[in-house]
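K.L.:
Contents of start31.cif (mmCIF, C-alpha atoms and all ligand atoms) are below:
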data_structure
loop_
_atom_site.label_atom_id
_atom_site.label_comp_id
_atom_site.auth_asym_id
_atom_site.auth_seq_id
_atom_site.Cartn_x
_atom_site.Cartn_y
_atom_site.Cartn_z
CA MET L 1 -0.18 -67.53 167.10
CA ASN L 2 0.43 -63.93 168.04
CA ILE L 3 -0.76 -61.80 165.16
CA TYR L 4 0.42 -58.49 166.58
CA HIS L 5 3.27 -58.37 164.09
CA LEU L 6 0.65 -58.03 161.33
CA VAL L 7 -0.98 -54.95 162.86
CA ARG L 8 0.02 -51.51 161.56
CA ASN L 9 2.57 -49.91 163.83
CA ASN L 10 0.55 -46.74 164.46
CA ILE L 11 -2.42 -48.85 165.56
CA ILE L 12 -0.31 -50.76 168.07
CA LYS L 13 0.88 -47.45 169.50
CA LEU L 14 -2.61 -45.89 169.40
CA GLU L 15 -4.21 -44.86 172.66
CA ALA L 16 -7.92 -45.37 171.93
CA TYR L 17 -10.48 -42.61 172.42
CA GLN L 18 -11.78 -42.65 175.98
CA SER L 19 -15.50 -42.18 175.41
CA ALA L 20 -17.71 -41.59 178.42
CA ARG L 21 -19.10 -45.10 177.99
CA LYS L 22 -15.65 -46.69 178.01
CA ILE L 23 -14.66 -44.86 181.18
CA GLY L 24 -17.80 -46.27 182.76
CA GLY L 25 -18.94 -45.58 186.29
CA ILE L 26 -22.00 -46.57 188.29
CA GLY L 27 -24.45 -43.80 188.76
CA ASN L 28 -27.84 -42.26 188.58
CA ILE L 29 -26.78 -38.78 187.48
CA TRP L 30 -24.92 -38.91 184.17
CA LEU L 31 -23.26 -35.59 183.41
CA ASN L 32 -20.26 -36.88 181.46
CA ALA L 33 -21.19 -37.24 177.78
CA ASN L 34 -22.95 -33.97 176.90
CA GLU L 35 -26.16 -35.85 176.27
CA ILE L 36 -29.60 -34.29 176.71
CA PRO L 37 -31.17 -35.65 179.90
CA TYR L 38 -34.65 -36.07 178.38
CA SER L 39 -35.80 -38.59 175.79
CA ASP L 40 -38.78 -38.62 173.49
CA ASN L 41 -40.60 -41.83 172.83
CA TRP L 42 -39.83 -42.70 169.21
CA LYS L 43 -41.78 -45.23 167.18
CA LEU L 44 -40.39 -46.80 164.05
CA ASN L 45 -42.48 -46.92 160.89
CA ILE L 46 -40.54 -48.96 158.39
CA ASN L 47 -41.01 -51.85 156.09
CA LEU L 48 -39.01 -53.15 153.13
CA LEU L 49 -36.00 -53.95 155.29
CA ASN L 50 -35.11 -56.55 152.65
CA ARG L 51 -33.90 -53.66 150.46
CA TYR L 52 -30.84 -51.50 151.00
CA PRO L 53 -31.64 -47.99 152.25
CA PRO L 54 -31.33 -44.89 150.03
CA ILE L 55 -27.68 -43.83 149.65
CA GLN L 56 -28.61 -40.37 150.93
CA PRO L 57 -32.10 -39.74 152.37
CA SER L 58 -33.51 -36.84 150.33
CA LYS L 59 -36.45 -36.01 152.61
CA LEU L 60 -34.14 -35.70 155.63
CA ILE L 61 -31.65 -33.66 153.61
CA ASN L 62 -34.37 -31.27 152.45
CA LYS L 63 -35.54 -30.81 156.01
CA TYR L 64 -32.04 -30.24 157.36
CA ALA L 65 -31.31 -27.80 154.54
CA LYS L 66 -34.33 -25.79 155.58
CA TYR L 67 -33.34 -25.94 159.27
CA SER L 68 -29.75 -24.89 158.64
CA GLY L 69 -30.32 -22.41 155.80
CA VAL L 70 -28.24 -24.09 153.08
CA GLN L 71 -29.00 -25.90 149.81
CA PRO L 72 -29.75 -29.66 149.84
CA ASN L 73 -26.81 -30.35 147.50
CA GLN L 74 -24.48 -28.88 150.12
CA ILE L 75 -25.26 -31.62 152.68
CA LEU L 76 -23.93 -35.13 153.25
CA VAL L 77 -25.56 -37.28 155.96
CA SER L 78 -23.32 -39.68 157.88
CA ARG L 79 -22.98 -41.87 160.97
CA GLY L 80 -22.67 -38.97 163.37
CA ALA L 81 -20.37 -35.97 162.99
CA ASP L 82 -17.53 -38.35 163.87
CA GLU L 83 -17.81 -40.00 160.47
CA GLY L 84 -17.62 -36.53 158.89
CA ILE L 85 -14.35 -35.85 160.73
CA GLU L 86 -12.99 -39.11 159.37
CA LEU L 87 -14.24 -38.75 155.77
CA LEU L 88 -12.47 -35.41 155.44
CA MET L 89 -9.12 -36.90 156.46
CA LYS L 90 -9.62 -39.90 154.17
CA THR L 91 -10.39 -37.57 151.29
CA PHE L 92 -7.77 -34.87 151.69
CA CYS L 93 -4.77 -36.33 153.54
CA GLU L 94 -1.99 -38.61 152.31
CA PRO L 95 -0.81 -40.88 155.15
CA ASN L 96 2.75 -40.22 156.37
CA LYS L 97 2.87 -37.03 154.33
CA ASP L 98 0.09 -34.54 155.03
CA THR L 99 -0.49 -32.58 158.21
CA ILE L 100 -3.63 -31.29 159.91
CA LEU L 101 -3.90 -28.56 162.54
CA PHE L 102 -6.18 -28.05 165.52
CA CYS L 103 -6.17 -25.79 168.57
CA THR L 104 -5.97 -27.18 172.11
CA PRO L 105 -7.65 -27.99 174.39
CA THR L 106 -10.41 -29.43 172.21
CA TYR L 107 -12.43 -32.49 171.18
CA GLY L 108 -10.26 -35.63 171.19
CA MET L 109 -11.28 -37.23 167.89
CA TYR L 110 -9.29 -34.97 165.54
CA LYS L 111 -6.06 -36.29 167.02
CA ILE L 112 -7.13 -39.93 167.27
CA CYS L 113 -8.52 -40.00 163.76
CA ALA L 114 -5.24 -38.57 162.42
CA GLU L 115 -3.27 -41.18 164.37
CA ILE L 116 -5.39 -44.00 162.96
CA PHE L 117 -4.75 -42.87 159.38
CA GLY L 118 -1.08 -42.06 159.99
CA ILE L 119 -1.62 -38.35 159.32
CA LYS L 120 0.63 -35.86 161.09
CA TYR L 121 -0.85 -33.13 163.27
CA ILE L 122 0.22 -29.81 164.70
CA THR L 123 -1.50 -28.36 167.77
CA ILE L 124 -1.65 -24.65 168.53
CA PRO L 125 -2.81 -23.75 172.05
CA PHE L 126 -5.70 -21.27 172.29
CA THR L 127 -4.89 -17.84 173.73
CA SER L 128 -5.63 -17.28 177.42
CA HIS L 129 -9.33 -16.65 176.66
CA TRP L 130 -9.52 -19.72 174.43
CA GLN L 131 -9.46 -17.81 171.20
CA LEU L 132 -7.51 -18.51 168.01
CA ASN L 133 -3.84 -17.61 168.05
CA LEU L 134 -3.89 -16.40 164.45
CA SER L 135 -0.24 -15.41 164.19
CA LYS L 136 0.94 -18.83 165.43
CA ILE L 137 -1.50 -20.61 163.12
CA ASN L 138 -0.32 -18.46 160.22
CA LEU L 139 3.28 -19.62 160.68
CA GLN L 140 2.22 -23.25 160.05
CA LEU L 141 -0.31 -22.77 157.26
CA HIS L 142 1.99 -23.46 154.31
CA LYS L 143 2.13 -27.16 155.24
CA ILE L 144 -1.44 -27.74 156.51
CA LYS L 145 -4.15 -29.60 154.58
CA LEU L 146 -7.00 -29.44 157.09
CA ILE L 147 -7.75 -27.20 160.08
CA TYR L 148 -10.33 -28.40 162.63
CA ILE L 149 -11.95 -25.79 164.87
CA CYS L 150 -14.68 -26.76 167.30
CA ASN L 151 -17.21 -23.96 167.82
CA PRO L 152 -18.52 -23.72 170.53
CA ASN L 153 -15.36 -25.44 171.70
CA ASN L 154 -15.58 -28.70 173.61
CA PRO L 155 -14.67 -28.84 176.53
CA THR L 156 -14.20 -25.11 177.20
CA GLY L 157 -17.76 -24.11 176.19
CA ASN L 158 -16.92 -20.73 174.63
CA ILE L 159 -17.57 -19.33 171.18
CA ILE L 160 -14.59 -18.68 168.94
CA ASN L 161 -14.65 -15.12 167.69
CA LEU L 162 -16.38 -15.16 164.30
CA ASN L 163 -14.22 -12.25 163.14
CA ASP L 164 -11.15 -14.38 163.78
CA ILE L 165 -12.63 -17.23 161.75
CA LYS L 166 -13.24 -14.78 158.90
CA LYS L 167 -9.67 -13.51 159.21
CA LEU L 168 -8.37 -17.07 159.22
CA LEU L 169 -10.28 -17.86 156.02
CA ARG L 170 -8.66 -14.83 154.41
CA ILE L 171 -5.18 -15.81 155.61
CA ILE L 172 -5.66 -19.40 154.41
CA ASN L 173 -6.61 -18.07 150.99
CA TYR L 174 -7.71 -21.52 149.75
CA ARG L 175 -4.42 -23.27 150.66
CA SER L 176 -6.20 -25.51 153.22
CA ILE L 177 -9.68 -26.69 154.12
CA LEU L 178 -11.17 -25.10 157.24
CA ILE L 179 -13.58 -27.36 159.17
CA ILE L 180 -15.83 -25.81 161.81
CA ASP L 181 -17.25 -28.49 164.10
CA GLU L 182 -20.62 -27.05 165.13
CA ALA L 183 -21.78 -30.04 167.20
CA TYR L 184 -23.14 -27.67 169.88
CA ILE L 185 -24.14 -24.69 167.74
CA ASP L 186 -27.88 -25.35 168.16
CA PHE L 187 -27.60 -23.98 171.71
CA CYS L 188 -26.52 -20.61 170.27
CA LEU L 189 -27.50 -20.76 166.59
CA HIS L 190 -26.80 -17.10 165.83
CA ASN L 191 -23.09 -17.97 166.08
CA SER L 192 -23.19 -20.40 163.16
CA ILE L 193 -21.08 -19.59 160.14
CA VAL L 194 -22.80 -22.19 157.97
CA THR L 195 -24.04 -19.68 155.39
CA TRP L 196 -20.43 -18.66 154.67
CA ILE L 197 -20.03 -21.86 152.67
CA SER L 198 -21.55 -20.05 149.69
CA GLU L 199 -18.64 -17.61 149.80
CA PHE L 200 -15.79 -19.98 150.75
CA SER L 201 -15.49 -23.23 148.78
CA ASN L 202 -12.85 -24.49 151.25
CA LEU L 203 -15.11 -24.18 154.30
CA VAL L 204 -16.79 -27.26 155.85
CA VAL L 205 -19.28 -27.28 158.73
CA LEU L 206 -20.02 -30.39 160.83
CA ARG L 207 -23.37 -30.82 162.60
CA THR L 208 -25.03 -33.60 164.57
CA LEU L 209 -28.34 -34.82 166.00
CA SER L 210 -26.48 -36.17 169.06
CA LYS L 211 -26.56 -33.05 171.19
CA ALA L 212 -29.41 -30.46 171.09
CA PHE L 213 -31.68 -32.84 169.17
CA ALA L 214 -31.38 -35.42 171.99
CA LEU L 215 -30.58 -38.28 169.58
CA ALA L 216 -27.07 -39.42 170.57
CA GLY L 217 -28.26 -43.02 170.32
CA LEU L 218 -29.31 -42.55 166.70
CA ARG L 219 -25.83 -41.83 165.26
CA CYS L 220 -26.70 -39.23 162.64
CA GLY L 221 -24.65 -36.20 161.58
CA PHE L 222 -24.23 -33.78 158.69
CA THR L 223 -21.30 -32.45 156.71
CA ILE L 224 -22.14 -29.14 155.05
CA ALA L 225 -19.96 -27.59 152.33
CA HIS L 226 -19.80 -26.42 148.74
CA ASN L 227 -21.26 -29.09 146.45
CA THR L 228 -17.81 -29.89 145.02
CA ILE L 229 -16.62 -31.11 148.42
CA ILE L 230 -19.89 -32.98 149.04
CA GLN L 231 -19.49 -34.82 145.74
CA ILE L 232 -15.91 -35.85 146.54
CA LEU L 233 -16.87 -37.07 150.01
CA SER L 234 -19.76 -39.04 148.46
CA LYS L 235 -17.22 -41.01 146.46
CA ILE L 236 -15.67 -42.53 149.57
CA ILE L 237 -18.49 -42.82 152.12
CA THR L 238 -19.56 -46.46 152.64
CA PRO L 239 -22.17 -47.62 150.09
CA TYR L 240 -25.20 -47.53 152.41
CA PRO L 241 -24.09 -45.45 155.38
CA LEU L 242 -27.45 -44.97 157.13
CA PRO L 243 -29.68 -47.78 158.40
CA MET L 244 -33.39 -47.40 157.57
CA PRO L 245 -34.40 -46.99 161.25
CA VAL L 246 -31.94 -44.09 161.55
CA ILE L 247 -33.36 -42.38 158.47
CA ASN L 248 -36.91 -42.93 159.67
CA ILE L 249 -36.38 -41.37 163.08
CA ALA L 250 -34.11 -38.56 161.87
CA GLU L 251 -36.85 -37.49 159.44
CA LYS L 252 -39.36 -37.44 162.28
CA ALA L 253 -37.08 -35.18 164.31
CA PHE L 254 -37.77 -32.48 161.71
CA THR L 255 -41.56 -32.33 161.83
CA ASP L 256 -42.69 -28.83 162.91
CA LYS L 257 -43.81 -30.23 166.24
CA ASN L 258 -40.49 -31.96 166.97
CA ILE L 259 -38.39 -28.98 165.88
CA GLN L 260 -40.41 -26.91 168.33
CA LYS L 261 -39.68 -29.51 171.01
CA THR L 262 -35.97 -29.17 170.28
CA TYR L 263 -36.18 -25.38 170.57
CA ASN L 264 -37.96 -25.75 173.92
CA ARG L 265 -35.36 -28.23 175.13
CA ILE L 266 -32.59 -25.81 174.19
CA LYS L 267 -34.29 -23.05 176.20
CA ILE L 268 -34.56 -25.31 179.26
CA ILE L 269 -30.93 -26.44 179.05
CA ASN L 270 -29.69 -22.87 178.58
CA TYR L 271 -31.78 -21.78 181.57
CA ASN L 272 -30.49 -24.66 183.75
CA ARG L 273 -26.93 -23.84 182.71
CA ASN L 274 -27.24 -20.22 183.79
CA VAL L 275 -28.75 -21.18 187.14
CA LEU L 276 -26.10 -23.86 187.72
CA MET L 277 -23.34 -21.43 186.81
CA LYS L 278 -24.41 -18.92 189.47
CA LYS L 279 -24.62 -21.63 192.13
CA LEU L 280 -21.30 -23.23 191.22
CA ILE L 281 -19.44 -19.93 191.56
CA LYS L 282 -20.50 -19.86 195.23
CA CYS L 283 -19.13 -23.35 196.05
CA PRO L 284 -15.74 -23.15 197.81
CA CYS L 285 -14.58 -26.37 196.11
CA ILE L 286 -15.00 -24.66 192.72
CA GLN L 287 -12.28 -22.16 191.91
CA GLN L 288 -13.49 -21.00 188.54
CA VAL L 289 -16.49 -21.49 186.25
CA PHE L 290 -15.74 -20.77 182.62
CA PRO L 291 -18.44 -19.01 180.59
CA SER L 292 -20.35 -21.39 178.32
CA VAL L 293 -22.93 -21.06 175.54
CA SER L 294 -23.34 -24.82 175.31
CA ASN L 295 -24.90 -27.73 177.23
CA TYR L 296 -21.88 -28.20 179.48
CA LEU L 297 -19.72 -26.16 181.83
CA LEU L 298 -16.01 -26.36 182.40
CA VAL L 299 -14.98 -25.72 186.00
CA LYS L 300 -11.66 -25.57 187.80
CA VAL L 301 -11.80 -27.29 191.18
CA ASN L 302 -9.71 -27.02 194.31
CA PRO L 303 -7.86 -30.38 194.29
CA LYS L 304 -8.07 -30.80 198.06
CA TYR L 305 -11.82 -31.59 197.83
CA GLN L 306 -11.36 -34.52 195.34
CA VAL L 307 -14.56 -33.45 193.63
CA PHE L 308 -14.46 -35.89 190.72
CA GLN L 309 -13.82 -39.00 192.82
CA LYS L 310 -16.18 -38.12 195.66
CA LEU L 311 -19.07 -37.38 193.31
CA TRP L 312 -18.27 -40.50 191.27
CA ASN L 313 -18.58 -42.56 194.46
CA GLN L 314 -22.04 -41.06 194.98
CA GLY L 315 -23.16 -41.91 191.45
CA ILE L 316 -22.79 -38.40 190.05
CA ILE L 317 -20.59 -38.95 187.02
CA LEU L 318 -18.69 -35.95 185.59
CA ARG L 319 -15.96 -35.81 182.94
CA ASP L 320 -12.39 -35.35 184.16
CA GLN L 321 -10.46 -33.06 181.82
CA SER L 322 -7.36 -32.65 183.96
CA LYS L 323 -5.12 -34.66 181.61
CA GLN L 324 -5.62 -32.18 178.77
CA ILE L 325 -2.89 -29.59 178.34
CA GLY L 326 -3.91 -26.36 180.06
CA LEU L 327 -6.79 -27.98 181.96
CA SER L 328 -5.23 -29.23 185.19
CA ASN L 329 -7.91 -29.65 187.90
CA CYS L 330 -10.66 -29.03 185.37
CA LEU L 331 -13.90 -30.99 185.14
CA ARG L 332 -16.59 -30.82 182.49
CA ILE L 333 -20.19 -30.93 183.70
CA THR L 334 -23.02 -31.69 181.29
CA ILE L 335 -26.18 -29.69 182.00
CA GLY L 336 -28.78 -32.15 183.28
CA THR L 337 -32.39 -31.70 184.35
CA TYR L 338 -33.15 -28.97 186.88
CA LYS L 339 -33.42 -31.66 189.54
CA GLU L 340 -30.03 -33.11 188.61
CA CYS L 341 -28.46 -29.65 188.78
CA LYS L 342 -29.92 -29.22 192.28
CA HIS L 343 -28.57 -32.63 193.36
CA LEU L 344 -25.15 -31.69 192.05
CA ILE L 345 -25.07 -28.41 193.94
CA HIS L 346 -26.26 -30.14 197.10
CA ALA L 347 -23.47 -32.75 196.78
CA LEU L 348 -20.85 -30.04 196.25
CA GLN L 349 -22.07 -28.13 199.31
CA GLN L 350 -21.78 -31.33 201.35
CA LEU L 351 -18.14 -31.69 200.24
CA ASN L 352 -17.47 -28.22 201.61
CA LYS L 353 -19.02 -29.15 204.96
CA GLU L 354 -17.11 -32.44 205.22
CA SER L 355 -13.77 -30.75 204.74
CA ASN L 356 -14.42 -27.99 207.30
C1 LIG W 1 -20.19 -35.11 170.38
C2 LIG W 1 -19.26 -34.47 169.42
C3 LIG W 1 -19.09 -34.95 168.13
C4 LIG W 1 -19.64 -36.28 167.70
O1 LIG W 1 -20.89 -36.20 167.27
P1 LIG W 1 -21.61 -37.54 166.78
O2 LIG W 1 -22.57 -36.98 165.79
O3 LIG W 1 -22.25 -38.13 167.96
O4 LIG W 1 -20.59 -38.41 166.13
C5 LIG W 1 -18.31 -34.24 167.25
N1 LIG W 1 -17.69 -33.12 167.64
C6 LIG W 1 -17.79 -32.67 168.88
C7 LIG W 1 -17.07 -31.44 169.26
C8 LIG W 1 -18.56 -33.33 169.82
O5 LIG W 1 -18.60 -32.90 171.09
#
If you took the structure in this file and wrote it as structure tokens, what would it be?
P.N.:
Amino acid sequence: MNIYHLVRNNIIKLEAYQSARKIGGIGNIWLNANEIPYSDNWKLNINLLNRYPPIQPSKLINKYAKYSGVQPNQILVSRGADEGIELLMKTFCEPNKDTILFCTPTYGMYKICAEIFGIKYITIPFTSHWQLNLSKINLQLHKIKLIYICNPNNPTGNIINLNDIKKLLRIINYRSILIIDEAYIDFCLHNSIVTWISEFSNLVVLRTLSKAFALAGLRCGFTIAHNTIIQILSKIITPYPLPMPVINIAEKAFTDKNIQKTYNRIKIINYNRNVLMKKLIKCPCIQQVFPSVSNYLLVKVNPKYQVFQKLWNQGIILRDQSKQIGLSNCLRITIGTYKECKHLIHALQQLNKESN
């Protein structure tokens, strides 16, 4: 029997999120998922797996509170920042009635999550320098429940003006919840607005261990907000959201030694990015390199070189962004090891030679 007629209509119409893993590829240089190219060797120390894990791991929360400069009761730990994105919609939005807003181009999950729940969305394009278009946002605010802003923005790599975020909070005046997705903020921590949550009870910050902490495989993220919001979200999160192994390793990531390792890793990635940027600008197949404060670079390529496909065939896997509005001929390149950056530049220079 065909059971399609039982599936919700919006799910039948849904175009699933194209994660880097789903897109696939065969390669030895993976620069498509904004992962850190180095891994530590983690060892599990757990017993009592016959018992359910703690609902929220207090040791981890205390450590993350210290790292991020907020109070432990302002943090909820979840299965990656992606679960945070989802919990907020589940909590605040009525299906087929409420509307969320986000600025484009940006991270794909705000849209897909809204589509899954049957929540409407309005998109406002960034200005030409990928900043907030406050006057256009303002015109929509009266009907918006949630606003998602990714900072630094994925895939463009830039920081959203903090003054504009402050202005937006003032314009919103508690009519909507403002969510700042700081998945990449650890690469430029001074740009975090996380401490503003003590002033604005409608502000939510999303964080993750998937990027700068080099733990994408762990699936651990944080939602940070006024305790009122944290308590409401706690009502609807699954009963035991974090497996014991996840808690165990996430806690270890916050020993003094491992935090120092993360800081060192961030320095290396930022250094590699700045070197790569200078070299990319000189490649004829690259028309533009957009400034980035994150662990990836957005570039505009000259289509005649077929950069994405040619590198893909050589096992250098980048992320094609050209289907996003405003990003035709754009590719996103994750910052790899120094050696991987050198390989990439070499491959791009070869493309130039081939086409001459
Ligand atoms: C990677 C990413 C996430 C997802 O983080 P997880 O913790 O791995 O779920 C969320 N937001 C943005 C902008 C990202 O790039």
K.L.:
Kindly provide, as a ChimeraX atom specification, all nucleotide and amino acid residues lying within 6 Å of ligand LIG 1 (chain W), counting all atoms listed in the file.
P.N.:
/L:80-82,107,150,154,181,183,208,210,216,219-221
K.L.:
Using only C-alpha atoms, please write the residues we just selected to a file, as an mmCIF file, in the frame of the given file.
P.N.:
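out.cif written:
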data_model
loop_
_atom_site.group_PDB
_atom_site.id
_atom_site.type_symbol
_atom_site.label_atom_id
_atom_site.label_comp_id
_atom_site.auth_asym_id
_atom_site.auth_seq_id
_atom_site.Cartn_x
_atom_site.Cartn_y
_atom_site.Cartn_z
ATOM 1 C CA GLY L 80 -22.670 -38.970 163.370
ATOM 2 C CA ALA L 81 -20.370 -35.970 162.990
ATOM 3 C CA ASP L 82 -17.530 -38.350 163.870
ATOM 4 C CA TYR L 107 -12.430 -32.490 171.180
ATOM 5 C CA CYS L 150 -14.680 -26.760 167.300
ATOM 6 C CA ASN L 154 -15.580 -28.700 173.610
ATOM 7 C CA ASP L 181 -17.250 -28.490 164.100
ATOM 8 C CA ALA L 183 -21.780 -30.040 167.200
ATOM 9 C CA THR L 208 -25.030 -33.600 164.570
ATOM 10 C CA SER L 210 -26.480 -36.170 169.060
ATOM 11 C CA ALA L 216 -27.070 -39.420 170.570
ATOM 12 C CA ARG L 219 -25.830 -41.830 165.260
ATOM 13 C CA CYS L 220 -26.700 -39.230 162.640
ATOM 14 C CA GLY L 221 -24.650 -36.200 161.580
#
K.L.:
Rounded to one decimal place, report the CA of Lys300 in chain L-CA of Val275 in chain L distance in Å.
P.N.:
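Going from CA of Lys300 in chain L over to CA of Val275 in chain L, I get 17.7 Å.
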K.L.:
Go through L:Lys143, L:His190, L:Lys282, L:Arg79 one by one, measure the shortest atom-to-atom distance of each to Lys97 in chain L using all atoms listed in the file, and give the residue with the smallest value.
P.N.:
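Closest to Lys97 in chain L of all the choices is L:Lys143.
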K.L.:
For CA of Asn73 in chain L and CA of Ser234 in chain L, quote the distance in Å rounded to one decimal.
P.N.:
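CA of Ser234 in chain L lies 11.2 Å from CA of Asn73 in chain L.
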K.L.:
Each side padded by 5 Å, which centre and which edge lengths in Å (one decimal) define the axis-aligned box around the listed atoms of range 172-175 of chain L? Give them as AutoDock Vina command-line options.
P.N.:
--center_x -6.1 --center_y -20.7 --center_z 152.1 --size_x 13.3 --size_y 15.2 --size_z 14.7
K.L.:
As an exercise, work out the distance from CA of His142 in chain L to CA of Ile159 in chain L in Å and give it to one decimal place.
P.N.:
26.2 Å
K.L.:
When distances are computed from all atoms listed in the file, which of L:Gln56, L:Gly24, L:Gln324, L:Leu206 shows the smallest separation from Pro125 in chain L?
P.N.:
L:Gln324
K.L.:
Which polymer residues have any atom within 12 Å of an atom of Gly336 in chain L, counting all atoms listed in the file, with same-chain residues fewer than 6 positions away left out, as a count of residues only?
P.N.:
31
